[in-house]
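K.L.:
This is the structure, below, for whatever I ask next.
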Amino acid sequence: MPLYNTHQIRTQEIMPTTRYSYLPQQFSDPSKIFEAMKNVVLNGDYTLGAAVTEFEERFAKLIGVRHALGVGSGTDALKLSLKAAGIGPGDQVITAANTFVSTVGAIYEVGAEAVLVDCDQSFCIDCNLLEGALTEKTRAIIPVHLTGNVTDMPNLMKFAERHDLIVIEDCCQAILSSMEGKTSGTWGLTGAFSLHPLKNLNVWGDGGVITTDDDDMADRIKLLRNNGVQGRDSVEILGYNSRLDTIQAVVANWLLGQTEEITEQRIQNAAYYDAEFSSLQEIQIPRRPSNVRQVYHIYMVFAEDRDSLYDHCVKNGVEAKIHYEVPLYLQKGLAFLGHGPGDFPETDRHARSVITFPVDQHLNLSELEFVVSTVKSYYARNRGVGK
Ligand SMILES: *Cc1c(COP(=O)(O)O)cnc(C)c1O
């Protein structure tokens, strides 16, 4: 007697699902990557190898800048940018209250102080609030192009020029996004990108890139990422150990040519959601200005009765997310900033009402449809419940 009845298993209906992580699909055939890695291993070319140089040249071309420099992570891309720009103790750096922790972490790593500014519904810094954050110590601004949307850079750059401030763009979620046709990572003195597995252009571990048109900055960053060492023996400045691994550059080179396609597919998927959700009064889609190319690192909307909708989605096989339930400025590790609830009302509103749905390039139409029908079925049954 078998322990189970195969007939029963086969006839059981498979519940549809929409998953969040697409990594197993993306790297389902890694043979070409392994082949290229084999060359790295056979040549012993592990640190700042040929694949890193190739990647840097191609990345610079992709973004449209003179220099792209591979570093250890997106966090390090921010840190080395600040350090190379001469930001340190006694300096204040303005950034977004709703950002991912490492933007603020990088500022403190170089010994400077972060001054947080609220966002608007674009999920990026509200440029109207910059003036109020300015002090005599302000030296730089890090606009964060969160979710793949773009900060109002024409206005931010005007403000920065007026007050002689350095701009370092946090592009970790925003590769190939643009405003008024100008690509993110080309506005500021530098742009900081992440190659983390969850980012749009991703490798098999940590990695980051700094873009810049400034030759002196590029030279300093090359030193800083390599312990300040020039050639073999000459220590020019005190630096860090923060190089992009050759092994990771191999993965990045394999993927780099697909970046435009990946971006376009995410934009298409987001457009599908936008069209479907626009008929729901309970879902508010953020403004989609026509001068912005938003690249949808994450697809985030505002939802009524958010917590119950989220539970409903997860229970029914839609792997929704919340970015984030507790805003950064209220986290324990940042208590020293001295902020309290209500300091950043728009960020707070987002924490209560945002929900994220999978939007990556590997989703198929039935998975997208399943997300939409799951959300619609929730509100059809619970209309007005959250009021
Ligand atoms: C991911 C991310 C970072 C940090 O990148 P790492 O490569 O993980 O260090 C910084 N800022 C933002 C907005 C991010 O999303």
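How things are named: the first chain in the structure tokens is A, the next is B, and so on; residues count from 1 in each chain; ligands count from 1 in the order shown.
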Give the residue list for ligand 1 at 10 Å, counting only C-alpha atoms and all ligand atoms, as a PyMOL selection string, sorted by chain and then by residue number.
P.N.:
chain A and resi 71-79+96+98-106+143-148+169-174+192-199+202+205-209+297-298
K.L.:
May I have all residues of stretch 157-241 of chain A that DSSP, computed from the backbone, assigns to helix (DSSP H, G or I), given as a ChimeraX atom specification?
P.N.:
/A:157-162,215-224
K.L.:
Could the residues in this selection be saved with N, CA, C and O atoms as a PDB file, in the first residue's frame?
P.N.:
```
ATOM      1  N   MET A 157      19.101  70.931  -7.928  1.00  0.00           N
ATOM      2  CA  MET A 157      20.402  71.426  -8.384  1.00  0.00           C
ATOM      3  C   MET A 157      20.479  72.949  -8.272  1.00  0.00           C
ATOM      4  O   MET A 157      21.520  73.499  -7.920  1.00  0.00           O
ATOM      5  N   LYS A 158      19.350  73.623  -8.561  1.00  0.00           N
ATOM      6  CA  LYS A 158      19.312  75.092  -8.434  1.00  0.00           C
ATOM      7  C   LYS A 158      19.574  75.490  -6.982  1.00  0.00           C
ATOM      8  O   LYS A 158      20.338  76.409  -6.701  1.00  0.00           O
ATOM      9  N   PHE A 159      18.904  74.778  -6.072  1.00  0.00           N
ATOM     10  CA  PHE A 159      19.079  75.048  -4.645  1.00  0.00           C
ATOM     11  C   PHE A 159      20.536  74.820  -4.235  1.00  0.00           C
ATOM     12  O   PHE A 159      21.143  75.634  -3.535  1.00  0.00           O
ATOM     13  N   ALA A 160      21.090  73.697  -4.699  1.00  0.00           N
ATOM     14  CA  ALA A 160      22.470  73.355  -4.330  1.00  0.00           C
ATOM     15  C   ALA A 160      23.456  74.404  -4.857  1.00  0.00           C
ATOM     16  O   ALA A 160      24.390  74.798  -4.156  1.00  0.00           O
ATOM     17  N   GLU A 161      23.233  74.850  -6.079  1.00  0.00           N
ATOM     18  CA  GLU A 161      24.140  75.859  -6.648  1.00  0.00           C
ATOM     19  C   GLU A 161      24.047  77.172  -5.890  1.00  0.00           C
ATOM     20  O   GLU A 161      25.064  77.806  -5.594  1.00  0.00           O
ATOM     21  N   ARG A 162      22.813  77.547  -5.540  1.00  0.00           N
ATOM     22  CA  ARG A 162      22.595  78.799  -4.809  1.00  0.00           C
ATOM     23  C   ARG A 162      23.354  78.790  -3.472  1.00  0.00           C
ATOM     24  O   ARG A 162      23.844  79.804  -3.024  1.00  0.00           O
ATOM     25  N   ASP A 215      37.209  64.347 -13.133  1.00  0.00           N
ATOM     26  CA  ASP A 215      38.428  63.523 -13.199  1.00  0.00           C
ATOM     27  C   ASP A 215      39.129  63.423 -11.844  1.00  0.00           C
ATOM     28  O   ASP A 215      39.629  62.361 -11.479  1.00  0.00           O
ATOM     29  N   ASP A 216      39.161  64.525 -11.088  1.00  0.00           N
ATOM     30  CA  ASP A 216      39.819  64.496  -9.776  1.00  0.00           C
ATOM     31  C   ASP A 216      39.087  63.581  -8.805  1.00  0.00           C
ATOM     32  O   ASP A 216      39.717  62.829  -8.044  1.00  0.00           O
ATOM     33  N   MET A 217      37.764  63.663  -8.812  1.00  0.00           N
ATOM     34  CA  MET A 217      36.971  62.771  -7.953  1.00  0.00           C
ATOM     35  C   MET A 217      37.272  61.321  -8.320  1.00  0.00           C
ATOM     36  O   MET A 217      37.463  60.466  -7.439  1.00  0.00           O
ATOM     37  N   ALA A 218      37.307  61.017  -9.612  1.00  0.00           N
ATOM     38  CA  ALA A 218      37.566  59.643 -10.060  1.00  0.00           C
ATOM     39  C   ALA A 218      38.921  59.159  -9.543  1.00  0.00           C
ATOM     40  O   ALA A 218      39.040  58.042  -9.031  1.00  0.00           O
ATOM     41  N   ASP A 219      39.930  60.020  -9.637  1.00  0.00           N
ATOM     42  CA  ASP A 219      41.265  59.643  -9.153  1.00  0.00           C
ATOM     43  C   ASP A 219      41.242  59.369  -7.652  1.00  0.00           C
ATOM     44  O   ASP A 219      41.838  58.397  -7.175  1.00  0.00           O
ATOM     45  N   ARG A 220      40.568  60.258  -6.902  1.00  0.00           N
ATOM     46  CA  ARG A 220      40.525  60.078  -5.444  1.00  0.00           C
ATOM     47  C   ARG A 220      39.774  58.805  -5.063  1.00  0.00           C
ATOM     48  O   ARG A 220      40.174  58.081  -4.151  1.00  0.00           O
ATOM     49  N   ILE A 221      38.681  58.521  -5.771  1.00  0.00           N
ATOM     50  CA  ILE A 221      37.886  57.326  -5.454  1.00  0.00           C
ATOM     51  C   ILE A 221      38.696  56.053  -5.751  1.00  0.00           C
ATOM     52  O   ILE A 221      38.647  55.084  -5.003  1.00  0.00           O
ATOM     53  N   LYS A 222      39.470  56.098  -6.843  1.00  0.00           N
ATOM     54  CA  LYS A 222      40.328  54.934  -7.163  1.00  0.00           C
ATOM     55  C   LYS A 222      41.310  54.661  -6.038  1.00  0.00           C
ATOM     56  O   LYS A 222      41.593  53.514  -5.697  1.00  0.00           O
ATOM     57  N   LEU A 223      41.842  55.724  -5.454  1.00  0.00           N
ATOM     58  CA  LEU A 223      42.750  55.564  -4.318  1.00  0.00           C
ATOM     59  C   LEU A 223      42.002  55.078  -3.079  1.00  0.00           C
ATOM     60  O   LEU A 223      42.409  54.109  -2.430  1.00  0.00           O
ATOM     61  N   LEU A 224      40.894  55.759  -2.783  1.00  0.00           N
ATOM     62  CA  LEU A 224      40.155  55.465  -1.543  1.00  0.00           C
ATOM     63  C   LEU A 224      39.680  54.015  -1.484  1.00  0.00           C
ATOM     64  O   LEU A 224      39.674  53.398  -0.422  1.00  0.00           O
TER      65      LEU A 224
END
```
K.L.:
Could you pull out the residues in stretch 41-196 of chain A that DSSP calls strand (DSSP E or B) from the backbone, as an mmCIF file with N, CA and C atoms, in the first residue's frame?
P.N.:
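Result saved to out-v2.cif:
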```
data_model
loop_
_atom_site.group_PDB
_atom_site.id
_atom_site.type_symbol
_atom_site.label_atom_id
_atom_site.label_comp_id
_atom_site.auth_asym_id
_atom_site.auth_seq_id
_atom_site.Cartn_x
_atom_site.Cartn_y
_atom_site.Cartn_z
ATOM 1 N N THR A 47 41.359 40.485 -7.856
ATOM 2 C CA THR A 47 41.132 41.864 -7.395
ATOM 3 C C THR A 47 41.409 42.876 -8.500
ATOM 4 N N HIS A 67 33.362 58.596 -16.006
ATOM 5 C CA HIS A 67 33.951 57.555 -15.157
ATOM 6 C C HIS A 67 32.890 56.748 -14.422
ATOM 7 N N ALA A 68 33.099 55.434 -14.359
ATOM 8 C CA ALA A 68 32.329 54.575 -13.451
ATOM 9 C C ALA A 68 33.366 53.734 -12.702
ATOM 10 N N LEU A 69 33.224 53.665 -11.365
ATOM 11 C CA LEU A 69 34.219 52.964 -10.555
ATOM 12 C C LEU A 69 33.534 51.910 -9.698
ATOM 13 N N GLY A 70 33.998 50.669 -9.833
ATOM 14 C CA GLY A 70 33.415 49.569 -9.066
ATOM 15 C C GLY A 70 33.902 49.596 -7.626
ATOM 16 N N VAL A 71 32.974 49.518 -6.685
ATOM 17 C CA VAL A 71 33.330 49.513 -5.255
ATOM 18 C C VAL A 71 32.585 48.365 -4.557
ATOM 19 N N GLN A 92 27.300 68.943 7.830
ATOM 20 C CA GLN A 92 25.951 68.371 7.780
ATOM 21 C C GLN A 92 25.598 68.007 6.335
ATOM 22 N N VAL A 93 24.907 66.879 6.217
ATOM 23 C CA VAL A 93 24.466 66.408 4.903
ATOM 24 C C VAL A 93 22.950 66.203 4.963
ATOM 25 N N ILE A 94 22.246 66.861 4.063
ATOM 26 C CA ILE A 94 20.785 66.733 4.009
ATOM 27 C C ILE A 94 20.419 65.486 3.210
ATOM 28 N N THR A 95 19.506 64.671 3.750
ATOM 29 C CA THR A 95 19.001 63.543 2.957
ATOM 30 C C THR A 95 17.545 63.246 3.322
ATOM 31 N N ALA A 96 16.992 62.216 2.689
ATOM 32 C CA ALA A 96 15.556 61.935 2.807
ATOM 33 C C ALA A 96 15.229 61.158 4.080
ATOM 34 N N GLU A 113 27.132 64.636 9.873
ATOM 35 C CA GLU A 113 25.853 64.542 10.554
ATOM 36 C C GLU A 113 24.735 64.596 9.506
ATOM 37 N N ALA A 114 23.730 63.722 9.657
ATOM 38 C CA ALA A 114 22.620 63.706 8.697
ATOM 39 C C ALA A 114 21.498 64.628 9.169
ATOM 40 N N VAL A 115 20.969 65.412 8.241
ATOM 41 C CA VAL A 115 19.792 66.236 8.520
ATOM 42 C C VAL A 115 18.684 65.732 7.597
ATOM 43 N N LEU A 116 17.616 65.219 8.212
ATOM 44 C CA LEU A 116 16.575 64.558 7.426
ATOM 45 C C LEU A 116 15.507 65.547 6.967
ATOM 46 N N VAL A 117 15.013 65.286 5.754
ATOM 47 C CA VAL A 117 13.958 66.111 5.165
ATOM 48 C C VAL A 117 12.855 65.179 4.690
ATOM 49 N N CYS A 119 9.669 63.551 2.544
ATOM 50 C CA CYS A 119 9.474 63.303 1.109
ATOM 51 C C CYS A 119 8.123 63.873 0.676
ATOM 52 N N ILE A 125 12.749 63.330 -1.853
ATOM 53 C CA ILE A 125 12.792 64.573 -1.064
ATOM 54 C C ILE A 125 11.838 65.628 -1.627
ATOM 55 N N THR A 138 25.793 73.045 6.626
ATOM 56 C CA THR A 138 25.373 72.206 5.502
ATOM 57 C C THR A 138 26.425 72.241 4.394
ATOM 58 N N ARG A 139 26.880 71.060 4.000
ATOM 59 C CA ARG A 139 27.885 70.991 2.935
ATOM 60 C C ARG A 139 27.410 70.223 1.709
ATOM 61 N N ALA A 140 26.448 69.306 1.918
ATOM 62 C CA ALA A 140 26.053 68.439 0.803
ATOM 63 C C ALA A 140 24.600 68.001 0.936
ATOM 64 N N ILE A 141 24.049 67.522 -0.187
ATOM 65 C CA ILE A 141 22.712 66.908 -0.186
ATOM 66 C C ILE A 141 22.835 65.538 -0.857
ATOM 67 N N ILE A 142 22.192 64.549 -0.268
ATOM 68 C CA ILE A 142 22.055 63.252 -0.953
ATOM 69 C C ILE A 142 20.581 63.032 -1.289
ATOM 70 N N VAL A 144 17.670 60.905 -2.719
ATOM 71 C CA VAL A 144 17.524 59.454 -2.885
ATOM 72 C C VAL A 144 16.411 59.206 -3.901
ATOM 73 N N ILE A 166 27.462 70.387 -2.319
ATOM 74 C CA ILE A 166 27.799 69.226 -3.140
ATOM 75 C C ILE A 166 26.576 68.315 -3.227
ATOM 76 N N VAL A 167 26.324 67.748 -4.404
ATOM 77 C CA VAL A 167 25.203 66.813 -4.565
ATOM 78 C C VAL A 167 25.734 65.428 -4.898
ATOM 79 N N ILE A 168 25.336 64.454 -4.086
ATOM 80 C CA ILE A 168 25.664 63.051 -4.337
ATOM 81 C C ILE A 168 24.335 62.315 -4.487
ATOM 82 N N GLU A 169 24.086 61.761 -5.653
ATOM 83 C CA GLU A 169 22.795 61.107 -5.876
ATOM 84 C C GLU A 169 22.836 59.668 -5.389
ATOM 85 N N ASP A 170 21.843 59.283 -4.587
ATOM 86 C CA ASP A 170 21.678 57.880 -4.223
ATOM 87 C C ASP A 170 20.803 57.227 -5.300
ATOM 88 N N SER A 178 15.376 58.707 -15.366
ATOM 89 C CA SER A 178 15.792 60.032 -15.825
ATOM 90 C C SER A 178 14.694 61.047 -15.587
ATOM 91 N N MET A 179 15.096 62.307 -15.582
ATOM 92 C CA MET A 179 14.129 63.407 -15.538
ATOM 93 C C MET A 179 14.505 64.395 -16.622
ATOM 94 N N LYS A 182 17.475 63.579 -18.677
ATOM 95 C CA LYS A 182 18.814 63.506 -18.070
ATOM 96 C C LYS A 182 18.840 62.353 -17.062
ATOM 97 N N THR A 183 19.804 61.451 -17.260
ATOM 98 C CA THR A 183 19.851 60.195 -16.509
ATOM 99 C C THR A 183 20.291 60.397 -15.058
ATOM 100 N N THR A 190 28.641 63.065 -7.928
ATOM 101 C CA THR A 190 28.703 61.618 -8.186
ATOM 102 C C THR A 190 27.298 61.022 -8.094
ATOM 103 N N GLY A 191 27.168 59.814 -8.649
ATOM 104 C CA GLY A 191 25.973 58.997 -8.448
ATOM 105 C C GLY A 191 26.433 57.696 -7.806
ATOM 106 N N ALA A 192 25.661 57.192 -6.825
ATOM 107 C CA ALA A 192 26.011 55.956 -6.130
ATOM 108 C C ALA A 192 25.007 54.865 -6.486
ATOM 109 N N PHE A 193 25.514 53.754 -7.011
ATOM 110 C CA PHE A 193 24.663 52.643 -7.452
ATOM 111 C C PHE A 193 24.994 51.386 -6.648
ATOM 112 N N SER A 194 23.994 50.506 -6.490
ATOM 113 C CA SER A 194 24.180 49.232 -5.803
ATOM 114 C C SER A 194 23.961 48.080 -6.777
#
```
K.L.:
Counting only C-alpha atoms, which of A:Leu156, A:Leu80, A:Leu189, A:Leu280 gets nearest to A:Ser242?
P.N.:
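Closest candidate: A:Leu80.
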K.L.:
Which neighbours of A:Glu56 fall inside 10 Å, counting only C-alpha atoms, when residues of the same chain fewer than 3 positions from it are skipped, and could you give them as a ChimeraX atom specification?
P.N.:
/A:50-53,59-62,67-70,209-211,249,253
